[in-house]
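Visitor: Pasting input33.csv here (CSV, C-alpha atoms):
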```csv
chain,number,residue,atom,x,y,z
A,1,MET,CA,-44.6,-3.0,-27.3
A,2,THR,CA,-41.0,-1.8,-27.3
A,3,ALA,CA,-38.5,-3.8,-25.1
A,4,ILE,CA,-36.6,-1.7,-22.6
A,5,ALA,CA,-32.8,-1.7,-23.2
A,6,HIS,CA,-30.9,-2.7,-20.1
A,7,LYS,CA,-27.2,-2.2,-20.1
A,8,VAL,CA,-24.6,-3.5,-17.7
A,9,LYS,CA,-21.2,-1.8,-17.4
A,10,ILE,CA,-18.2,-3.4,-15.7
A,11,THR,CA,-15.3,-1.0,-15.1
A,12,TYR,CA,-12.1,-2.8,-14.1
A,13,CYS,CA,-8.6,-1.9,-13.2
A,14,ALA,CA,-6.5,-2.9,-16.2
A,15,GLU,CA,-3.3,-2.4,-14.2
A,16,CYS,CA,-4.4,-4.7,-11.5
A,17,GLY,CA,-4.8,-8.0,-13.4
A,18,TYR,CA,-8.6,-8.0,-12.9
A,19,GLU,CA,-9.3,-9.3,-16.4
A,20,GLN,CA,-10.3,-12.8,-15.3
A,21,GLN,CA,-12.8,-11.6,-12.7
A,22,THR,CA,-14.2,-9.2,-15.3
A,23,LEU,CA,-14.6,-12.0,-17.9
A,24,ASP,CA,-16.0,-14.4,-15.3
A,25,LEU,CA,-18.7,-11.9,-14.3
A,26,ALA,CA,-19.5,-11.0,-17.9
A,27,LYS,CA,-19.9,-14.6,-18.8
A,28,ALA,CA,-22.1,-15.3,-15.8
A,29,LEU,CA,-24.4,-12.4,-16.8
A,30,MET,CA,-24.5,-13.5,-20.4
A,31,LEU,CA,-25.5,-17.0,-19.4
A,32,GLU,CA,-28.1,-15.8,-16.9
A,33,PHE,CA,-29.8,-13.1,-18.8
A,34,GLY,CA,-28.9,-13.6,-22.5
A,35,SER,CA,-30.7,-11.1,-24.7
A,36,ARG,CA,-32.6,-9.6,-21.9
A,37,LEU,CA,-29.5,-7.4,-21.6
A,38,SER,CA,-29.0,-5.0,-24.5
A,39,ALA,CA,-25.3,-4.8,-23.8
A,40,ILE,CA,-22.5,-5.7,-21.4
A,41,GLU,CA,-19.8,-3.0,-21.7
A,42,VAL,CA,-16.4,-3.7,-20.3
A,43,ILE,CA,-14.4,-0.6,-19.5
A,44,PRO,CA,-10.6,-0.8,-18.8
A,45,TRP,CA,-9.6,1.7,-16.1
A,46,ASP,CA,-7.1,2.0,-13.3
A,47,GLY,CA,-6.8,2.8,-9.6
A,48,GLY,CA,-8.0,-0.5,-8.3
A,49,THR,CA,-11.4,-0.1,-9.8
A,50,PHE,CA,-14.0,-2.9,-10.0
A,51,ASP,CA,-17.4,-1.3,-10.5
A,52,VAL,CA,-20.6,-2.9,-11.8
A,53,SER,CA,-23.6,-0.8,-12.8
A,54,VAL,CA,-27.0,-1.5,-14.4
A,55,ASP,CA,-28.6,1.3,-16.4
A,56,GLY,CA,-26.4,3.8,-14.6
A,57,GLN,CA,-27.1,2.5,-11.2
A,58,LEU,CA,-24.0,1.3,-9.3
A,59,ILE,CA,-24.7,-2.2,-7.9
A,60,HIS,CA,-21.2,-3.1,-6.8
A,61,SER,CA,-18.0,-1.2,-6.2
A,62,MET,CA,-14.8,-2.5,-4.9
A,63,THR,CA,-14.0,0.8,-3.3
A,64,ARG,CA,-17.4,1.1,-1.7
A,65,ASP,CA,-18.3,-2.5,-1.0
A,66,GLY,CA,-14.9,-4.3,-1.1
A,67,GLY,CA,-13.8,-7.2,-3.3
A,68,PHE,CA,-15.2,-8.3,-6.5
A,69,GLY,CA,-18.7,-8.9,-5.2
A,70,ASP,CA,-20.7,-12.0,-4.9
A,71,THR,CA,-21.8,-13.1,-8.4
A,72,THR,CA,-25.2,-14.3,-7.1
A,73,ALA,CA,-25.8,-10.9,-5.4
A,74,ILE,CA,-24.8,-9.1,-8.5
A,75,LYS,CA,-27.1,-11.3,-10.6
A,76,ASP,CA,-30.0,-10.6,-8.2
A,77,ALA,CA,-29.4,-6.9,-8.4
A,78,VAL,CA,-29.5,-7.1,-12.2
A,79,ARG,CA,-32.7,-9.2,-12.1
A,80,ALA,CA,-34.3,-6.7,-9.8
A,81,ARG,CA,-33.5,-3.9,-12.3
A,82,LEU,CA,-34.8,-5.9,-15.2
A,83,SER,CA,-38.1,-6.5,-13.5
A,84,ALA,CA,-38.5,-3.0,-12.2
B,1,MET,CA,8.7,-19.4,6.3
B,2,THR,CA,12.0,-17.5,6.2
B,3,ILE,CA,13.8,-16.8,3.0
B,4,ASP,CA,17.1,-18.7,2.9
B,5,ARG,CA,19.7,-19.3,0.3
B,6,ALA,CA,17.8,-22.2,-1.3
B,7,ARG,CA,14.5,-20.2,-1.6
B,8,PHE,CA,16.3,-17.1,-2.8
B,9,ASP,CA,18.0,-19.0,-5.6
B,10,GLN,CA,14.6,-20.1,-6.9
B,11,GLY,CA,13.9,-16.5,-7.9
B,12,LEU,CA,14.4,-15.1,-11.4
B,13,THR,CA,17.2,-12.7,-12.1
B,14,TYR,CA,16.1,-9.4,-13.5
B,15,ASP,CA,17.0,-10.4,-17.1
B,16,ALA,CA,15.3,-13.8,-16.7
B,17,TYR,CA,12.2,-12.0,-15.4
B,18,LYS,CA,12.1,-9.7,-18.4
B,19,ALA,CA,12.6,-12.7,-20.7
B,20,GLN,CA,9.4,-14.4,-19.4
B,21,MET,CA,7.2,-11.3,-19.4
B,22,THR,CA,4.2,-11.7,-21.7
B,23,ARG,CA,3.2,-8.0,-21.7
B,24,ASN,CA,4.5,-4.5,-21.0
B,25,LEU,CA,8.1,-5.3,-21.6
B,26,ASP,CA,8.4,-2.2,-23.9
B,27,ARG,CA,7.0,0.0,-21.1
B,28,LEU,CA,9.3,-1.5,-18.5
B,29,GLU,CA,12.3,-1.0,-20.7
B,30,GLU,CA,11.3,2.6,-21.6
B,31,ASN,CA,11.0,3.3,-17.8
B,32,GLU,CA,14.4,1.8,-17.3
B,33,ARG,CA,15.9,4.2,-19.8
B,34,ARG,CA,14.2,7.1,-18.2
B,35,VAL,CA,15.4,6.5,-14.7
B,36,ASP,CA,17.8,9.3,-13.9
B,37,LEU,CA,20.1,8.4,-11.0
B,38,SER,CA,22.0,11.1,-9.3
B,39,LYS,CA,25.7,10.8,-8.7
B,40,GLU,CA,25.1,11.0,-5.0
B,41,ASP,CA,22.5,8.2,-4.9
B,42,LEU,CA,24.6,6.0,-7.1
B,43,ALA,CA,27.7,6.6,-5.0
B,44,ALA,CA,25.7,5.6,-1.9
B,45,PHE,CA,24.7,2.3,-3.4
B,46,ARG,CA,28.2,1.7,-4.8
B,47,ALA,CA,29.6,2.4,-1.3
B,48,LEU,CA,27.6,-0.5,0.3
B,49,PRO,CA,30.1,-2.6,2.2
B,50,ARG,CA,28.9,-5.8,0.6
B,51,PRO,CA,26.2,-6.8,-1.9
B,52,VAL,CA,22.6,-6.7,-0.6
B,53,ARG,CA,20.1,-9.3,-1.7
B,54,VAL,CA,16.7,-8.2,-2.9
B,55,VAL,CA,13.7,-10.5,-3.1
B,56,VAL,CA,11.0,-9.0,-5.4
B,57,LEU,CA,7.4,-10.0,-5.8
B,58,ALA,CA,6.0,-8.9,-9.2
B,59,GLU,CA,3.6,-9.6,-12.0
B,60,ASP,CA,3.9,-8.1,-15.5
B,61,TRP,CA,0.3,-6.8,-15.6
B,62,CYS,CA,0.8,-4.5,-12.6
B,63,GLY,CA,1.3,-0.7,-13.3
B,64,ASP,CA,3.3,-0.2,-10.1
B,65,VAL,CA,5.6,-3.0,-11.1
B,66,ILE,CA,6.1,-1.6,-14.5
B,67,ALA,CA,6.8,1.8,-13.0
B,68,ASN,CA,9.0,0.9,-10.0
B,69,LEU,CA,10.8,-2.4,-10.8
B,70,PRO,CA,12.9,-0.6,-13.5
B,71,VAL,CA,14.2,1.8,-10.8
B,72,LEU,CA,15.5,-1.2,-8.8
B,73,GLY,CA,16.8,-2.8,-12.0
B,74,ARG,CA,18.8,0.3,-12.8
B,75,LEU,CA,20.1,0.7,-9.2
B,76,ALA,CA,21.3,-3.0,-9.4
B,77,LYS,CA,22.9,-2.7,-12.8
B,78,ASP,CA,24.6,0.7,-12.2
B,79,SER,CA,25.8,0.0,-8.7
B,80,GLY,CA,26.7,-3.7,-9.0
B,81,LYS,CA,25.7,-4.0,-5.3
B,82,LEU,CA,22.2,-5.4,-5.4
B,83,ASP,CA,21.6,-9.1,-6.1
B,84,VAL,CA,18.0,-9.2,-7.2
B,85,ARG,CA,15.7,-12.3,-7.4
B,86,ILE,CA,12.2,-11.9,-8.7
B,87,PHE,CA,9.3,-14.2,-7.7
B,88,LEU,CA,5.9,-14.1,-9.5
B,89,ARG,CA,3.3,-13.1,-6.9
B,90,ASP,CA,0.6,-15.5,-7.9
B,91,GLN,CA,3.0,-18.5,-7.8
B,92,ASN,CA,4.7,-17.7,-4.5
B,93,ASP,CA,2.0,-17.1,-2.0
B,94,ASP,CA,4.3,-18.2,0.9
B,95,ILE,CA,6.3,-15.0,0.3
B,96,MET,CA,3.4,-12.8,-0.5
B,97,GLN,CA,1.6,-13.7,2.8
B,98,ARG,CA,4.5,-12.4,4.7
B,99,TYR,CA,4.4,-9.0,3.0
B,100,LEU,CA,0.8,-8.1,2.7
B,101,ASN,CA,0.1,-4.4,2.4
B,102,LYS,CA,-1.6,-3.2,5.6
B,103,GLY,CA,-1.7,-6.9,6.5
B,104,GLN,CA,-4.4,-7.7,3.9
B,105,PHE,CA,-3.6,-6.6,0.4
B,106,LYS,CA,-1.4,-8.4,-2.1
B,107,SER,CA,0.1,-5.1,-3.4
B,108,ILE,CA,3.1,-5.3,-5.6
B,109,PRO,CA,5.9,-4.7,-6.2
B,110,VAL,CA,7.4,-5.9,-2.9
B,111,PHE,CA,11.1,-5.4,-2.5
B,112,VAL,CA,12.7,-7.2,0.5
B,113,PHE,CA,16.2,-6.3,1.3
B,114,LEU,CA,18.4,-9.0,3.0
B,115,ASP,CA,21.9,-9.0,4.3
B,116,GLU,CA,24.4,-11.7,3.5
B,117,ASP,CA,23.0,-13.9,6.3
B,118,PHE,CA,19.5,-13.5,4.9
B,119,ARG,CA,18.4,-11.2,7.7
B,120,GLU,CA,15.9,-8.7,6.7
B,121,LEU,CA,17.1,-5.1,6.5
B,122,GLY,CA,13.6,-3.8,5.5
B,123,HIS,CA,11.0,-4.0,2.9
B,124,TRP,CA,9.2,-1.7,0.5
B,125,ILE,CA,5.7,-2.1,-1.0
B,126,GLU,CA,4.0,-0.8,-4.1
B,127,ARG,CA,5.0,2.9,-4.2
B,128,PRO,CA,6.0,5.7,-1.9
B,129,ALA,CA,3.2,7.3,0.1
B,130,SER,CA,4.5,10.7,-1.0
B,131,VAL,CA,3.8,9.7,-4.6
B,132,THR,CA,0.2,8.6,-3.9
B,133,GLU,CA,-0.3,11.8,-2.1
B,134,VAL,CA,1.1,14.1,-4.8
B,135,ARG,CA,-0.9,12.2,-7.5
B,136,ALA,CA,-4.1,12.5,-5.5
B,137,LYS,CA,-3.6,16.2,-5.3
B,138,HIS,CA,-3.0,16.5,-9.0
B,139,ARG,CA,-6.0,14.3,-9.7
B,140,LYS,CA,-8.2,16.6,-7.6
B,141,ALA,CA,-6.9,19.6,-9.5
B,142,ILE,CA,-7.7,17.9,-12.9
B,143,PHE,CA,-11.3,17.3,-11.8
B,144,ALA,CA,-11.5,20.9,-10.5
B,145,ALA,CA,-10.3,22.3,-13.8
B,146,HIS,CA,-12.6,20.1,-15.9
B,147,PRO,CA,-16.2,20.2,-14.6
B,148,GLU,CA,-17.2,17.9,-17.5
B,149,PHE,CA,-15.3,15.1,-15.6
B,150,GLY,CA,-17.9,15.3,-12.8
B,151,SER,CA,-17.0,14.2,-9.3
B,152,PRO,CA,-13.6,12.4,-8.7
B,153,ASP,CA,-15.5,9.9,-6.6
B,154,ALA,CA,-18.2,9.1,-9.1
B,155,PRO,CA,-18.0,5.9,-11.2
B,156,VAL,CA,-16.3,6.6,-14.5
B,157,ASP,CA,-18.9,4.6,-16.4
B,158,GLN,CA,-21.2,7.5,-16.0
B,159,LEU,CA,-19.1,9.6,-18.3
B,160,SER,CA,-19.5,9.4,-22.1
B,161,GLU,CA,-16.8,7.6,-23.9
B,162,GLY,CA,-15.4,10.8,-25.3
B,163,VAL,CA,-15.1,12.5,-21.9
B,164,ARG,CA,-13.7,9.3,-20.4
B,165,LEU,CA,-11.0,9.2,-23.0
B,166,GLN,CA,-10.2,12.9,-22.3
B,167,LEU,CA,-10.0,12.1,-18.6
B,168,GLN,CA,-7.8,9.1,-19.3
B,169,GLY,CA,-5.5,11.4,-21.3
B,170,GLU,CA,-5.3,14.0,-18.6
B,171,LEU,CA,-4.5,11.3,-15.9
B,172,ALA,CA,-1.8,9.8,-18.2
B,173,LYS,CA,-0.3,13.2,-18.7
B,174,MET,CA,-0.3,13.9,-15.0
B,175,ARG,CA,1.4,10.5,-14.3
B,176,GLU,CA,4.0,11.4,-16.9
B,177,GLU,CA,4.7,14.8,-15.4
B,178,THR,CA,5.1,13.3,-11.9
B,179,THR,CA,7.3,10.4,-13.0
B,180,LYS,CA,10.6,12.2,-12.2
B,181,PHE,CA,9.5,13.0,-8.7
B,182,ALA,CA,8.2,9.4,-8.3
B,183,ASN,CA,11.4,7.8,-9.4
B,184,ALA,CA,13.4,10.1,-7.1
B,185,GLU,CA,11.2,9.1,-4.2
B,186,VAL,CA,11.6,5.4,-4.9
B,187,VAL,CA,15.4,5.8,-5.0
B,188,ARG,CA,15.3,7.8,-1.7
B,189,GLU,CA,13.3,5.1,0.1
B,190,LEU,CA,15.3,2.2,-1.3
B,191,ARG,CA,18.6,3.9,-0.5
B,192,GLU,CA,17.4,4.4,3.1
B,193,ILE,CA,16.7,0.6,3.5
B,194,ALA,CA,19.8,-0.7,1.6
B,195,THR,CA,22.2,1.4,3.6
B,196,ARG,CA,21.0,-0.2,6.8
B,197,VAL,CA,23.4,-3.0,6.0
B,198,ALA,CA,26.2,-3.2,8.6
B,199,ALA,CA,29.6,-2.0,7.6
```
Starting from the file, lay out its structure as structure tokens.
Guide:
Amino acid sequence: MTAIAHKVKITYCAECGYEQQTLDLAKALMLEFGSRLSAIEVIPWDGGTFDVSVDGQLIHSMTRDGGFGDTTAIKDAVRARLSA
Amino acid sequence: MTIDRARFDQGLTYDAYKAQMTRNLDRLEENERRVDLSKEDLAAFRALPRPVRVVVLAEDWCGDVIANLPVLGRLAKDSGKLDVRIFLRDQNDDIMQRYLNKGQFKSIPVFVFLDEDFRELGHWIERPASVTEVRAKHRKAIFAAHPEFGSPDAPVDQLSEGVRLQLQGELAKMREETTKFANAEVVRELREIATRVAA
């Protein structure tokens, strides 16, 4: 049986000083899911962006949802995707 | 709290701020060189009846600070009429809380203009609304001209890396092309505030 590759992407505004929040979230996901994620991609962008997606599905957006998102809620959304 | 002489003096001078920057100093200095002040604008600042104090909130990672602080820096240097003191946003929340953008966002830069008795003449936050508007129009046009970029509202992580780089290049070019307009708008707005100082 072939494992399904699940990829998380974090797009953050590199002109807004969001590096720490990005690293904190990436670390939380690493510790929680380990090799169950095939990759965590960090994308520097601009315009106040802080978006998190799993397998192309947006699970948190600063523009849409406000703020950096609750780490537990983001982890739950990733877990749901992994077990889908 | 109000900003008095003692609090004002705790700020960094423009040169001291530059000396402690850990990143983007080259971009800031390049933008400084590119600020083109008109004779009329410069004359208006030079004609201020007395020096105006300017409290600034900034951080060196912020794109709007790197773009707009040099405009203030050049106005101060070339006119000799602005006494600038810069405070790091994340270490001076007492000042930041007084100048939140729309009452909730810690947008920077913030420029607070004060007269000789530390009475506020006015303040300025982030960038001119006209600049945001013009750039939004240009951004829309870029997406219209490049269907491969998809929707301007869609997350960029849905684009392939190659397309994302292409989009990044187009947006950088657009910002470059609108810089002259943006700088002129910053000068216009700062001049309007600074010249409120009583004769």
Visitor: Excluding segment 55-63 of chain A and residues on its chain fewer than 4 positions from it, collect all residues at most 10 Å away from it, counting only C-alpha atoms, and give them as a ChimeraX atom specification.
Guide: /A:5-12,47-51,67-70,73-78,81-82 /B:153-155,157-158
Visitor: Using C-alpha atoms, can you export the residues from the last selection as a PDB file, keeping the file's coordinate frame?
Guide:
```
ATOM      1  CA  ALA A   5     -32.800  -1.700 -23.200  1.00  0.00           C
ATOM      2  CA  HIS A   6     -30.900  -2.700 -20.100  1.00  0.00           C
ATOM      3  CA  LYS A   7     -27.200  -2.200 -20.100  1.00  0.00           C
ATOM      4  CA  VAL A   8     -24.600  -3.500 -17.700  1.00  0.00           C
ATOM      5  CA  LYS A   9     -21.200  -1.800 -17.400  1.00  0.00           C
ATOM      6  CA  ILE A  10     -18.200  -3.400 -15.700  1.00  0.00           C
ATOM      7  CA  THR A  11     -15.300  -1.000 -15.100  1.00  0.00           C
ATOM      8  CA  TYR A  12     -12.100  -2.800 -14.100  1.00  0.00           C
ATOM      9  CA  GLY A  47      -6.800   2.800  -9.600  1.00  0.00           C
ATOM     10  CA  GLY A  48      -8.000  -0.500  -8.300  1.00  0.00           C
ATOM     11  CA  THR A  49     -11.400  -0.100  -9.800  1.00  0.00           C
ATOM     12  CA  PHE A  50     -14.000  -2.900 -10.000  1.00  0.00           C
ATOM     13  CA  ASP A  51     -17.400  -1.300 -10.500  1.00  0.00           C
ATOM     14  CA  GLY A  67     -13.800  -7.200  -3.300  1.00  0.00           C
ATOM     15  CA  PHE A  68     -15.200  -8.300  -6.500  1.00  0.00           C
ATOM     16  CA  GLY A  69     -18.700  -8.900  -5.200  1.00  0.00           C
ATOM     17  CA  ASP A  70     -20.700 -12.000  -4.900  1.00  0.00           C
ATOM     18  CA  ALA A  73     -25.800 -10.900  -5.400  1.00  0.00           C
ATOM     19  CA  ILE A  74     -24.800  -9.100  -8.500  1.00  0.00           C
ATOM     20  CA  LYS A  75     -27.100 -11.300 -10.600  1.00  0.00           C
ATOM     21  CA  ASP A  76     -30.000 -10.600  -8.200  1.00  0.00           C
ATOM     22  CA  ALA A  77     -29.400  -6.900  -8.400  1.00  0.00           C
ATOM     23  CA  VAL A  78     -29.500  -7.100 -12.200  1.00  0.00           C
ATOM     24  CA  ARG A  81     -33.500  -3.900 -12.300  1.00  0.00           C
ATOM     25  CA  LEU A  82     -34.800  -5.900 -15.200  1.00  0.00           C
TER      26      LEU A  82
ATOM     27  CA  ASP B 153     -15.500   9.900  -6.600  1.00  0.00           C
ATOM     28  CA  ALA B 154     -18.200   9.100  -9.100  1.00  0.00           C
ATOM     29  CA  PRO B 155     -18.000   5.900 -11.200  1.00  0.00           C
ATOM     30  CA  ASP B 157     -18.900   4.600 -16.400  1.00  0.00           C
ATOM     31  CA  GLN B 158     -21.200   7.500 -16.000  1.00  0.00           C
TER      32      GLN B 158
END
```
Visitor: Pick the closest to chain A from B:Leu121, B:Ala67, B:Cys62, B:Leu100: which is it, counting all atoms listed in the file?
Guide: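 Among the listed residues, B:Cys62 lies closest to chain A.
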Visitor: Leaving out segment 14-23 of chain B and any residue of its chain fewer than 2 positions from it, which residues lie within 7 Å of it when counting only C-alpha atoms, given as a ChimeraX atom specification?
Guide: /B:12,25,60-61,73,84-86
Visitor: I need the residue nearest chain A from this list: B:Leu48, B:Ile142, B:Ala136, B:Ala43. Use all atoms listed in the file for the distance.
Guide: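 Checking each of B:Leu48, B:Ile142, B:Ala136, B:Ala43 against chain A, counting all atoms listed in the file, the winner is B:Ala136.
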Visitor: Give me, as a tab-separated table, the closest atom pair and its distance (Å, one decimal) for every residue of chain A within a cut-off of 6 Å of chain B, counting only C-alpha atoms, rows sorted by chain and rising number.
Guide:
```
residue	atom	partner	partner_atom	distance
A:Glu15	CA	B:Cys62	CA	4.9
A:Cys16	CA	B:Cys62	CA	5.3
A:Gly17	CA	B:Trp61	CA	5.7
```
Visitor: Nearest residue to Asp41 of chain B out of B:Lys140, B:Lys77, B:Lys180, B:Arg191, using only C-alpha atoms?
Guide: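 Residue with the minimum atom-to-atom distance to Asp41 of chain B: B:Arg191.
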Visitor: Interatomic distance between atom CA of Asp4 of chain B and atom CA of Trp124 of chain B?
Guide: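 Atom CA of Asp4 of chain B sits 18.9 Å away from atom CA of Trp124 of chain B.
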Visitor: Mind giving me the straight-line distance from atom CA of Glu192 of chain B to atom CA of Ile125 of chain B in Å, one decimal?
Guide: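 A separation of 14.0 Å between them.
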Visitor: Select, counting only C-alpha atoms, all protein, DNA and RNA residues no farther than 10 Å from (3.8, 10.4, -5.9) in file coordinates, and express the selection as a PyMOL selection string.
Guide: chain B and resi 127-138+175+178-186
Visitor: So how far away is atom CA of Asp46 of chain A from atom CA of Glu176 of chain B, in Å?
Guide: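 Result for atom CA of Glu176 of chain B versus atom CA of Asp46 of chain A: 15.0 Å, one decimal.
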Visitor: Could you add whatever atoms are missing so that segment 27-49 of chain A carries N, CA and C atoms, then write the result as an mmCIF file, in the coordinates of the input?
Guide:
```cif
data_model
loop_
_atom_site.group_PDB
_atom_site.id
_atom_site.type_symbol
_atom_site.label_atom_id
_atom_site.label_comp_id
_atom_site.auth_asym_id
_atom_site.auth_seq_id
_atom_site.Cartn_x
_atom_site.Cartn_y
_atom_site.Cartn_z
ATOM 1 N N LYS A 27 -19.406 -13.337 -18.310
ATOM 2 C CA LYS A 27 -19.900 -14.600 -18.800
ATOM 3 C C LYS A 27 -21.135 -15.072 -17.949
ATOM 4 N N ALA A 28 -21.018 -14.904 -16.632
ATOM 5 C CA ALA A 28 -22.100 -15.300 -15.800
ATOM 6 C C ALA A 28 -23.394 -14.500 -16.106
ATOM 7 N N LEU A 29 -23.226 -13.215 -16.400
ATOM 8 C CA LEU A 29 -24.400 -12.400 -16.800
ATOM 9 C C LEU A 29 -24.944 -12.767 -18.127
ATOM 10 N N MET A 30 -24.052 -13.085 -19.058
ATOM 11 C CA MET A 30 -24.500 -13.500 -20.400
ATOM 12 C C MET A 30 -25.346 -14.789 -20.277
ATOM 13 N N LEU A 31 -24.824 -15.751 -19.507
ATOM 14 C CA LEU A 31 -25.500 -17.000 -19.400
ATOM 15 C C LEU A 31 -26.834 -16.891 -18.652
ATOM 16 N N GLU A 32 -26.868 -15.998 -17.678
ATOM 17 C CA GLU A 32 -28.100 -15.800 -16.900
ATOM 18 C C GLU A 32 -29.160 -15.052 -17.608
ATOM 19 N N PHE A 33 -28.746 -13.981 -18.282
ATOM 20 C CA PHE A 33 -29.800 -13.100 -18.800
ATOM 21 C C PHE A 33 -29.866 -13.037 -20.340
ATOM 22 N N GLY A 34 -28.882 -13.566 -21.020
ATOM 23 C CA GLY A 34 -28.900 -13.600 -22.500
ATOM 24 C C GLY A 34 -29.329 -12.301 -23.104
ATOM 25 N N SER A 35 -30.314 -12.343 -24.011
ATOM 26 C CA SER A 35 -30.700 -11.100 -24.700
ATOM 27 C C SER A 35 -31.582 -10.181 -23.940
ATOM 28 N N ARG A 36 -31.826 -10.536 -22.688
ATOM 29 C CA ARG A 36 -32.600 -9.600 -21.900
ATOM 30 C C ARG A 36 -31.729 -8.370 -21.522
ATOM 31 N N LEU A 37 -30.413 -8.520 -21.687
ATOM 32 C CA LEU A 37 -29.500 -7.400 -21.600
ATOM 33 C C LEU A 37 -29.228 -6.856 -22.969
ATOM 34 N N SER A 38 -29.309 -5.535 -23.149
ATOM 35 C CA SER A 38 -29.000 -5.000 -24.500
ATOM 36 C C SER A 38 -27.537 -4.957 -24.750
ATOM 37 N N ALA A 39 -26.750 -4.850 -23.677
ATOM 38 C CA ALA A 39 -25.300 -4.800 -23.800
ATOM 39 C C ALA A 39 -24.601 -5.047 -22.509
ATOM 40 N N ILE A 40 -23.414 -5.613 -22.592
ATOM 41 C CA ILE A 40 -22.500 -5.700 -21.400
ATOM 42 C C ILE A 40 -21.252 -4.948 -21.878
ATOM 43 N N GLU A 41 -21.003 -3.805 -21.256
ATOM 44 C CA GLU A 41 -19.800 -3.000 -21.700
ATOM 45 C C GLU A 41 -18.710 -3.213 -20.653
ATOM 46 N N VAL A 42 -17.528 -3.479 -21.156
ATOM 47 C CA VAL A 42 -16.400 -3.700 -20.300
ATOM 48 C C VAL A 42 -15.433 -2.491 -20.490
ATOM 49 N N ILE A 43 -15.151 -1.787 -19.394
ATOM 50 C CA ILE A 43 -14.400 -0.600 -19.500
ATOM 51 C C ILE A 43 -13.035 -0.710 -18.745
ATOM 52 N N PRO A 44 -11.914 -0.738 -19.468
ATOM 53 C CA PRO A 44 -10.600 -0.800 -18.800
ATOM 54 C C PRO A 44 -10.302 0.532 -18.117
ATOM 55 N N TRP A 45 -9.962 0.488 -16.838
ATOM 56 C CA TRP A 45 -9.600 1.700 -16.100
ATOM 57 C C TRP A 45 -8.419 1.442 -15.239
ATOM 58 N N ASP A 46 -8.237 2.218 -14.180
ATOM 59 C CA ASP A 46 -7.100 2.000 -13.300
ATOM 60 C C ASP A 46 -7.467 2.246 -11.857
ATOM 61 N N GLY A 47 -6.506 2.440 -11.000
ATOM 62 C CA GLY A 47 -6.800 2.800 -9.600
ATOM 63 C C GLY A 47 -7.507 1.782 -8.787
ATOM 64 N N GLY A 48 -7.362 0.517 -9.132
ATOM 65 C CA GLY A 48 -8.000 -0.500 -8.300
ATOM 66 C C GLY A 48 -9.487 -0.615 -8.470
ATOM 67 N N THR A 49 -9.988 -0.129 -9.598
ATOM 68 C CA THR A 49 -11.400 -0.100 -9.800
ATOM 69 C C THR A 49 -12.033 -1.472 -10.135
#
```
